[in-house]
>>> print(open('run.cif').read())   # mmCIF, C-alpha atoms, pLDDT in the B column; chains and numbers go by the auth columns
data_query
loop_
_atom_site.group_PDB
_atom_site.id
_atom_site.type_symbol
_atom_site.label_atom_id
_atom_site.label_comp_id
_atom_site.label_asym_id
_atom_site.label_seq_id
_atom_site.Cartn_x
_atom_site.Cartn_y
_atom_site.Cartn_z
_atom_site.B_iso_or_equiv
_atom_site.auth_seq_id
_atom_site.auth_asym_id
ATOM 1 C CA MET A 1 -15.239 -11.715 29.565 36.00 1 A
ATOM 2 C CA ALA A 2 -11.546 -12.604 29.398 43.00 2 A
ATOM 3 C CA ILE A 3 -9.329 -10.902 26.845 47.00 3 A
ATOM 4 C CA LYS A 4 -7.758 -13.416 24.473 54.00 4 A
ATOM 5 C CA LYS A 5 -3.992 -13.564 24.835 59.00 5 A
ATOM 6 C CA GLU A 6 -2.110 -13.121 21.579 67.00 6 A
ATOM 7 C CA THR A 7 1.544 -13.475 20.687 81.00 7 A
ATOM 8 C CA THR A 8 3.587 -10.279 20.739 82.00 8 A
ATOM 9 C CA GLU A 9 3.875 -10.316 16.944 85.00 9 A
ATOM 10 C CA VAL A 10 0.115 -10.701 16.421 88.00 10 A
ATOM 11 C CA ARG A 11 -0.711 -8.041 19.011 89.00 11 A
ATOM 12 C CA ARG A 12 1.734 -5.558 17.508 91.00 12 A
ATOM 13 C CA GLU A 13 0.177 -6.148 14.077 92.00 13 A
ATOM 14 C CA GLN A 14 -3.296 -5.572 15.528 92.00 14 A
ATOM 15 C CA ILE A 15 -2.136 -2.322 17.137 93.00 15 A
ATOM 16 C CA VAL A 16 -0.611 -1.065 13.874 94.00 16 A
ATOM 17 C CA LYS A 17 -3.758 -1.900 11.900 94.00 17 A
ATOM 18 C CA ALA A 18 -5.956 -0.241 14.517 94.00 18 A
ATOM 19 C CA ALA A 19 -3.775 2.884 14.445 94.00 19 A
ATOM 20 C CA LEU A 20 -4.032 3.054 10.646 93.00 20 A
ATOM 21 C CA THR A 21 -7.823 2.674 10.847 93.00 21 A
ATOM 22 C CA ILE A 22 -8.095 5.534 13.351 94.00 22 A
ATOM 23 C CA ILE A 23 -5.796 7.714 11.235 93.00 23 A
ATOM 24 C CA GLY A 24 -8.005 6.975 8.210 90.00 24 A
ATOM 25 C CA ASP A 25 -11.097 8.111 10.127 90.00 25 A
ATOM 26 C CA GLU A 26 -9.702 11.005 12.154 90.00 26 A
ATOM 27 C CA GLY A 27 -6.251 11.884 10.842 88.00 27 A
ATOM 28 C CA VAL A 28 -2.996 11.550 12.794 89.00 28 A
ATOM 29 C CA GLN A 29 -4.139 14.283 15.201 89.00 29 A
ATOM 30 C CA GLY A 30 -7.041 12.047 16.260 90.00 30 A
ATOM 31 C CA LEU A 31 -4.775 9.116 17.124 91.00 31 A
ATOM 32 C CA THR A 32 -4.569 8.339 20.854 92.00 32 A
ATOM 33 C CA THR A 33 -3.381 5.290 22.738 92.00 33 A
ATOM 34 C CA SER A 34 -6.774 5.029 24.462 93.00 34 A
ATOM 35 C CA LYS A 35 -8.565 4.823 21.085 93.00 35 A
ATOM 36 C CA ILE A 36 -6.087 2.233 19.812 93.00 36 A
ATOM 37 C CA ALA A 37 -6.463 0.136 22.960 92.00 37 A
ATOM 38 C CA LYS A 38 -10.253 0.261 22.711 93.00 38 A
ATOM 39 C CA LEU A 39 -10.255 -0.776 19.047 93.00 39 A
ATOM 40 C CA VAL A 40 -7.833 -3.653 19.681 91.00 40 A
ATOM 41 C CA GLY A 41 -9.758 -4.699 22.797 90.00 41 A
ATOM 42 C CA VAL A 42 -6.953 -4.363 25.337 90.00 42 A
ATOM 43 C CA SER A 43 -6.068 -2.024 28.188 89.00 43 A
ATOM 44 C CA GLU A 44 -3.715 0.914 27.646 90.00 44 A
ATOM 45 C CA ALA A 45 -1.301 -0.788 30.043 89.00 45 A
ATOM 46 C CA ASN A 46 -1.245 -3.817 27.723 88.00 46 A
ATOM 47 C CA LEU A 47 -0.636 -1.510 24.755 89.00 47 A
ATOM 48 C CA TYR A 48 2.487 -0.118 26.451 89.00 48 A
ATOM 49 C CA ARG A 49 3.923 -3.606 26.741 89.00 49 A
ATOM 50 C CA HIS A 50 4.275 -3.591 22.959 90.00 50 A
ATOM 51 C CA PHE A 51 5.023 0.077 22.205 91.00 51 A
ATOM 52 C CA LYS A 52 6.515 2.626 24.581 91.00 52 A
ATOM 53 C CA ASN A 53 4.388 5.526 23.280 91.00 53 A
ATOM 54 C CA LYS A 54 2.275 6.866 20.412 90.00 54 A
ATOM 55 C CA ASP A 55 5.361 7.959 18.446 90.00 55 A
ATOM 56 C CA ALA A 56 6.627 4.373 18.463 93.00 56 A
ATOM 57 C CA ILE A 57 3.265 3.208 17.105 92.00 57 A
ATOM 58 C CA LEU A 58 3.408 5.857 14.375 91.00 58 A
ATOM 59 C CA THR A 59 6.886 4.650 13.414 92.00 59 A
ATOM 60 C CA ALA A 60 5.591 1.068 13.244 93.00 60 A
ATOM 61 C CA VAL A 61 2.729 2.184 10.967 92.00 61 A
ATOM 62 C CA VAL A 62 5.228 3.797 8.567 91.00 62 A
ATOM 63 C CA ASP A 63 7.452 0.688 8.727 92.00 63 A
ATOM 64 C CA ASP A 64 4.457 -1.521 7.899 91.00 64 A
ATOM 65 C CA LEU A 65 3.529 0.690 4.940 89.00 65 A
ATOM 66 C CA GLU A 66 7.062 0.533 3.564 89.00 66 A
ATOM 67 C CA GLN A 67 7.244 -3.242 4.040 90.00 67 A
ATOM 68 C CA THR A 68 3.951 -3.870 2.258 90.00 68 A
ATOM 69 C CA LEU A 69 4.802 -1.661 -0.729 88.00 69 A
ATOM 70 C CA SER A 70 8.286 -3.160 -0.961 88.00 70 A
ATOM 71 C CA ASN A 71 6.915 -6.724 -0.747 90.00 71 A
ATOM 72 C CA ASN A 72 4.413 -6.011 -3.535 89.00 72 A
ATOM 73 C CA LEU A 73 7.187 -4.710 -5.751 88.00 73 A
ATOM 74 C CA THR A 74 9.520 -7.635 -4.995 89.00 74 A
ATOM 75 C CA ILE A 75 6.824 -10.283 -5.611 91.00 75 A
ATOM 76 C CA VAL A 76 5.743 -8.783 -8.940 91.00 76 A
ATOM 77 C CA ASN A 77 9.332 -8.197 -10.033 86.00 77 A
ATOM 78 C CA ALA A 78 10.039 -11.919 -9.594 89.00 78 A
ATOM 79 C CA GLU A 79 7.188 -12.847 -11.968 89.00 79 A
ATOM 80 C CA ALA A 80 8.123 -14.077 -15.444 88.00 80 A
ATOM 81 C CA ILE A 81 6.185 -11.363 -17.278 93.00 81 A
ATOM 82 C CA ALA A 82 7.161 -8.441 -19.508 92.00 82 A
ATOM 83 C CA PRO A 83 8.576 -5.313 -17.796 94.00 83 A
ATOM 84 C CA LEU A 84 5.597 -3.150 -18.757 93.00 84 A
ATOM 85 C CA GLU A 85 3.220 -5.757 -17.309 94.00 85 A
ATOM 86 C CA LYS A 86 5.254 -5.749 -14.102 94.00 86 A
ATOM 87 C CA LEU A 87 4.925 -1.992 -13.826 95.00 87 A
ATOM 88 C CA GLU A 88 1.174 -2.151 -14.394 94.00 88 A
ATOM 89 C CA CYS A 89 0.751 -4.871 -11.749 94.00 89 A
ATOM 90 C CA ILE A 90 2.811 -2.889 -9.235 94.00 90 A
ATOM 91 C CA PHE A 91 0.906 0.320 -9.941 94.00 91 A
ATOM 92 C CA LYS A 92 -2.502 -1.320 -9.509 93.00 92 A
ATOM 93 C CA LEU A 93 -1.436 -3.324 -6.446 92.00 93 A
ATOM 94 C CA GLN A 94 -0.199 -0.176 -4.705 92.00 94 A
ATOM 95 C CA LEU A 95 -3.380 1.754 -5.475 94.00 95 A
ATOM 96 C CA LYS A 96 -5.512 -1.170 -4.312 93.00 96 A
ATOM 97 C CA HIS A 97 -3.613 -1.349 -1.020 91.00 97 A
ATOM 98 C CA ILE A 98 -3.971 2.403 -0.463 92.00 98 A
ATOM 99 C CA ALA A 99 -7.679 2.299 -1.383 92.00 99 A
ATOM 100 C CA GLN A 100 -8.184 -0.309 1.339 91.00 100 A
ATOM 101 C CA ASN A 101 -6.230 1.771 3.877 90.00 101 A
ATOM 102 C CA ARG A 102 -7.183 5.433 3.604 88.00 102 A
ATOM 103 C CA GLY A 103 -5.035 6.171 6.637 90.00 103 A
ATOM 104 C CA ILE A 104 -1.975 5.861 4.356 90.00 104 A
ATOM 105 C CA PRO A 105 -2.290 9.256 2.606 89.00 105 A
ATOM 106 C CA ARG A 106 -3.320 10.888 5.871 87.00 106 A
ATOM 107 C CA ILE A 107 -0.115 9.752 7.530 87.00 107 A
ATOM 108 C CA VAL A 108 2.243 10.289 4.581 84.00 108 A
ATOM 109 C CA PHE A 109 1.031 13.867 3.999 82.00 109 A
ATOM 110 C CA SER A 110 0.740 14.724 7.719 84.00 110 A
ATOM 111 C CA SER A 111 2.740 17.362 9.570 82.00 111 A
ATOM 112 C CA GLU A 112 3.606 14.678 12.137 80.00 112 A
ATOM 113 C CA VAL A 113 5.729 12.965 9.484 80.00 113 A
ATOM 114 C CA VAL A 114 7.087 16.161 7.921 81.00 114 A
ATOM 115 C CA PHE A 115 8.264 17.528 11.270 85.00 115 A
ATOM 116 C CA ARG A 116 9.683 14.284 12.636 86.00 116 A
ATOM 117 C CA LYS A 117 13.171 13.985 11.192 89.00 117 A
ATOM 118 C CA ASP A 118 13.385 10.217 11.711 89.00 118 A
ATOM 119 C CA LEU A 119 10.140 9.526 9.811 87.00 119 A
ATOM 120 C CA ARG A 120 10.935 12.086 7.118 88.00 120 A
ATOM 121 C CA GLU A 121 14.338 10.534 6.469 90.00 121 A
ATOM 122 C CA LYS A 122 12.888 7.011 6.612 88.00 122 A
ATOM 123 C CA LEU A 123 10.276 7.791 3.946 88.00 123 A
ATOM 124 C CA SER A 124 12.768 9.695 1.800 89.00 124 A
ATOM 125 C CA SER A 125 15.191 6.759 1.865 91.00 125 A
ATOM 126 C CA PHE A 126 12.414 4.299 1.049 89.00 126 A
ATOM 127 C CA ILE A 127 11.163 6.368 -1.902 91.00 127 A
ATOM 128 C CA SER A 128 14.714 6.516 -3.305 93.00 128 A
ATOM 129 C CA HIS A 129 15.021 2.732 -2.965 91.00 129 A
ATOM 130 C CA TYR A 130 11.579 2.225 -4.517 92.00 130 A
ATOM 131 C CA ILE A 131 12.429 4.452 -7.493 94.00 131 A
ATOM 132 C CA GLY A 132 15.672 2.525 -7.937 94.00 132 A
ATOM 133 C CA MET A 133 13.814 -0.792 -8.134 92.00 133 A
ATOM 134 C CA LEU A 134 11.310 0.641 -10.623 94.00 134 A
ATOM 135 C CA ALA A 135 14.181 2.033 -12.699 95.00 135 A
ATOM 136 C CA GLY A 136 15.660 -1.480 -12.803 94.00 136 A
ATOM 137 C CA ILE A 137 12.424 -2.828 -14.303 94.00 137 A
ATOM 138 C CA LEU A 138 12.381 -0.003 -16.836 94.00 138 A
ATOM 139 C CA ASP A 139 16.022 -0.700 -17.748 95.00 139 A
ATOM 140 C CA SER A 140 15.189 -4.343 -18.457 93.00 140 A
ATOM 141 C CA GLY A 141 12.414 -3.169 -20.800 92.00 141 A
ATOM 142 C CA ILE A 142 14.814 -0.786 -22.546 92.00 142 A
ATOM 143 C CA ARG A 143 17.277 -3.632 -23.033 92.00 143 A
ATOM 144 C CA ASP A 144 14.697 -5.986 -24.543 91.00 144 A
ATOM 145 C CA GLY A 145 13.305 -3.226 -26.782 90.00 145 A
ATOM 146 C CA SER A 146 9.789 -3.155 -25.269 91.00 146 A
ATOM 147 C CA ILE A 147 10.138 0.191 -23.432 91.00 147 A
ATOM 148 C CA LYS A 148 11.412 3.615 -24.391 89.00 148 A
ATOM 149 C CA CYS A 149 12.342 6.205 -21.754 82.00 149 A
ATOM 150 C CA ALA A 150 12.926 9.621 -23.252 78.00 150 A
ATOM 151 C CA GLY A 151 14.127 11.084 -19.963 81.00 151 A
ATOM 152 C CA GLY A 152 15.943 8.010 -18.663 89.00 152 A
ATOM 153 C CA SER A 153 14.762 5.244 -16.351 93.00 153 A
ATOM 154 C CA THR A 154 15.200 7.120 -13.059 94.00 154 A
ATOM 155 C CA ILE A 155 13.115 10.104 -14.177 94.00 155 A
ATOM 156 C CA THR A 156 10.487 7.779 -15.685 94.00 156 A
ATOM 157 C CA ALA A 157 10.360 5.819 -12.413 94.00 157 A
ATOM 158 C CA GLY A 158 9.889 9.113 -10.569 94.00 158 A
ATOM 159 C CA MET A 159 6.943 9.881 -12.843 93.00 159 A
ATOM 160 C CA PHE A 160 5.463 6.485 -11.872 94.00 160 A
ATOM 161 C CA VAL A 161 5.622 7.453 -8.182 93.00 161 A
ATOM 162 C CA GLY A 162 4.207 10.877 -9.080 93.00 162 A
ATOM 163 C CA MET A 163 1.191 9.221 -10.718 93.00 163 A
ATOM 164 C CA ILE A 164 0.456 7.349 -7.501 93.00 164 A
ATOM 165 C CA GLN A 165 0.807 10.543 -5.467 91.00 165 A
ATOM 166 C CA LEU A 166 -1.471 12.532 -7.796 91.00 166 A
ATOM 167 C CA SER A 167 -4.114 9.793 -7.831 92.00 167 A
ATOM 168 C CA VAL A 168 -4.035 9.529 -4.042 91.00 168 A
ATOM 169 C CA LEU A 169 -4.088 13.306 -3.553 89.00 169 A
ATOM 170 C CA ARG A 170 -7.158 13.733 -5.753 89.00 170 A
ATOM 171 C CA TRP A 171 -8.846 10.814 -4.049 90.00 171 A
ATOM 172 C CA SER A 172 -8.073 12.290 -0.608 87.00 172 A
ATOM 173 C CA LEU A 173 -9.337 15.749 -1.593 88.00 173 A
ATOM 174 C CA SER A 174 -12.622 14.207 -2.750 88.00 174 A
ATOM 175 C CA GLY A 175 -13.113 12.925 0.787 86.00 175 A
ATOM 176 C CA PHE A 176 -12.434 9.407 -0.533 88.00 176 A
ATOM 177 C CA LYS A 177 -15.676 9.538 -2.537 89.00 177 A
ATOM 178 C CA THR A 178 -14.140 8.997 -5.978 89.00 178 A
ATOM 179 C CA SER A 179 -12.621 5.716 -7.147 91.00 179 A
ATOM 180 C CA LEU A 180 -8.870 5.683 -6.607 92.00 180 A
ATOM 181 C CA LEU A 181 -8.483 2.780 -9.030 92.00 181 A
ATOM 182 C CA ASP A 182 -10.475 4.502 -11.790 90.00 182 A
ATOM 183 C CA GLU A 183 -8.429 7.668 -11.334 86.00 183 A
ATOM 184 C CA GLY A 184 -5.219 5.662 -11.533 90.00 184 A
ATOM 185 C CA ASP A 185 -6.321 3.724 -14.632 91.00 185 A
ATOM 186 C CA LYS A 186 -6.566 6.934 -16.669 89.00 186 A
ATOM 187 C CA LEU A 187 -3.053 7.977 -15.705 92.00 187 A
ATOM 188 C CA TRP A 188 -1.676 4.491 -16.285 93.00 188 A
ATOM 189 C CA GLU A 189 -2.988 4.324 -19.855 92.00 189 A
ATOM 190 C CA ALA A 190 -1.299 7.636 -20.715 91.00 190 A
ATOM 191 C CA TYR A 191 1.948 6.545 -19.037 92.00 191 A
ATOM 192 C CA LYS A 192 1.901 3.184 -20.798 92.00 192 A
ATOM 193 C CA GLU A 193 1.294 4.799 -24.192 89.00 193 A
ATOM 194 C CA ASN A 194 4.402 6.941 -23.744 87.00 194 A
ATOM 195 C CA LEU A 195 6.555 3.962 -22.795 89.00 195 A
ATOM 196 C CA GLU A 196 5.491 1.390 -25.349 80.00 196 A
ATOM 197 C CA CYS A 197 7.728 0.763 -28.320 73.00 197 A
ATOM 198 C CA GLN A 198 5.693 0.230 -31.456 60.00 198 A
ATOM 199 C CA GLY A 199 6.256 -2.624 -33.847 50.00 199 A
#
>>> encode(input="run.cif", output="C-alpha cells")
Amino acid sequence: MAIKKETTEVRREQIVKAALTIIGDEGVQGLTTSKIAKLVGVSEANLYRHFKNKDAILTAVVDDLEQTLSNNLTIVNAEAIAPLEKLECIFKLQLKHIAQNRGIPRIVFSSEVVFRKDLREKLSSFISHYIGMLAGILDSGIRDGSIKCAGGSTITAGMFVGMIQLSVLRWSLSGFKTSLLDEGDKLWEAYKENLECQG
C-alpha cells in the first residue's frame, strides 16, 4: 500500500501531533523517532526530511504549544466582551486544550525542557509575554471600573497562570483521572470573586 504524499507543512504538523501523543502516553523519555514515524505512517528516513533529529521535533512541539496558547489569547482578546469575560474564556480555552493534549504538562514539567537552555529560555520568554497580555486585559478592566487588582495587574496575571499550573499539576498527579475543567472551575470562581467590583 502506497504512503500518501503530504505537503511539508501538513507532514510537519502530523509529526508534532504524533510526538505530543507519544509524550502524553509515555513521557518525553518514551519519545523516539521510530515511534513517531510509525504513528504518522512514514519511514524514519522520511521523518528526517522534515526534522533533523528528536531535539528538533521537541522544539517544534514547544513552538506549537506556544502558538496555540497565544492564538487563543489573541482571538479572545479581540472579542467585544467585558475584560472579566475575556479572562474566563481564555482560562477555560487553555484548560480545554491541555485536557485534550495530556502530553503538554509532561513536556512542560520534564527534565528535557529544564535542562535544555534553548527550550527553558523559550518558555520563560513566552510566559512573560503571556502574563503581559493578561495584565493588559486586567488593566482595561481596572480602567472601566469592572475589575479590582489589589496587588496590581502583573501579579494578578501571574496568579492566573498559577491557577492553570496548579489545576494541571493536580490533574497530572491523579494520572489524568480527575476532570481538569472541573478542577479549574473551582479556582476560577474564587479568582473571579476577588476581582469583581461590586455595584
>>> residues_around(input="run.cif", residues="region 171-175 of chain A", least_positions_apart="6", cutoff="12 Å", atoms="all atoms listed in the file", output="NGL selection string")
:A and (24-25 or 27 or 95 or 98-99 or 101-109 or 164-165 or 181-184)
>>> resolve_selection(input="run.cif", expression="the PyMOL selection byres ((chain A and resi 49-52) around 12)", output="PyMOL selection string")
chain A and resi 6-16+33+36-37+42-48+53-61
>>> atom_distance(input="run.cif", atom1="CA of Tyr191 (chain A)", atom2="CA of Lys177 (chain A)")
24.3 Å
>>> resolve_selection(input="run.cif", expression="the PyMOL selection byres ((chain A and resi 132) around 12)", output="ChimeraX atom specification")
/A:70,73,125-131,133-139,153-158,160-161
>>> closest_residue(input="run.cif", among="A:Leu187, A:Gln100, A:Leu195, A:Thr74", to="Lys17 (chain A)", atoms="all atoms listed in the file")
A:Gln100
>>> resolve_selection(input="run.cif", expression="the PyMOL selection byres ((chain A and resi 83-90) around 7)", output="VMD selection string")
chain A and resid 72 to 73 76 to 77 81 to 82 91 to 94 137 to 138 140 to 141
>>> atom_distance(input="run.cif", atom1="CA of Gly151 (chain A)", atom2="CA of Met163 (chain A)")
16.0 Å
>>> atom_distance(input="run.cif", atom1="CA of Gln29 (chain A)", atom2="CA of Arg120 (chain A)")
17.2 Å
>>> closest_residue(input="run.cif", among="A:Leu65, A:Ile75, A:Cys197, A:Val114", to="Ile147 (chain A)", atoms="only C-alpha atoms")
A:Cys197
>>> axis_aligned_box(input="run.cif", around="region 101-114 of chain A", padding_each_side="5 Å", output="JSON")
{"center_x": 0.0, "center_y": 9.6, "center_z": 7.4, "size_x": 24.3, "size_y": 25.6, "size_z": 19.5}
>>> closest_residue(input="run.cif", among="A:Asn194, A:Ser167, A:Ser179, A:Met159", to="Ser146 (chain A)", atoms="all atoms listed in the file")
A:Asn194
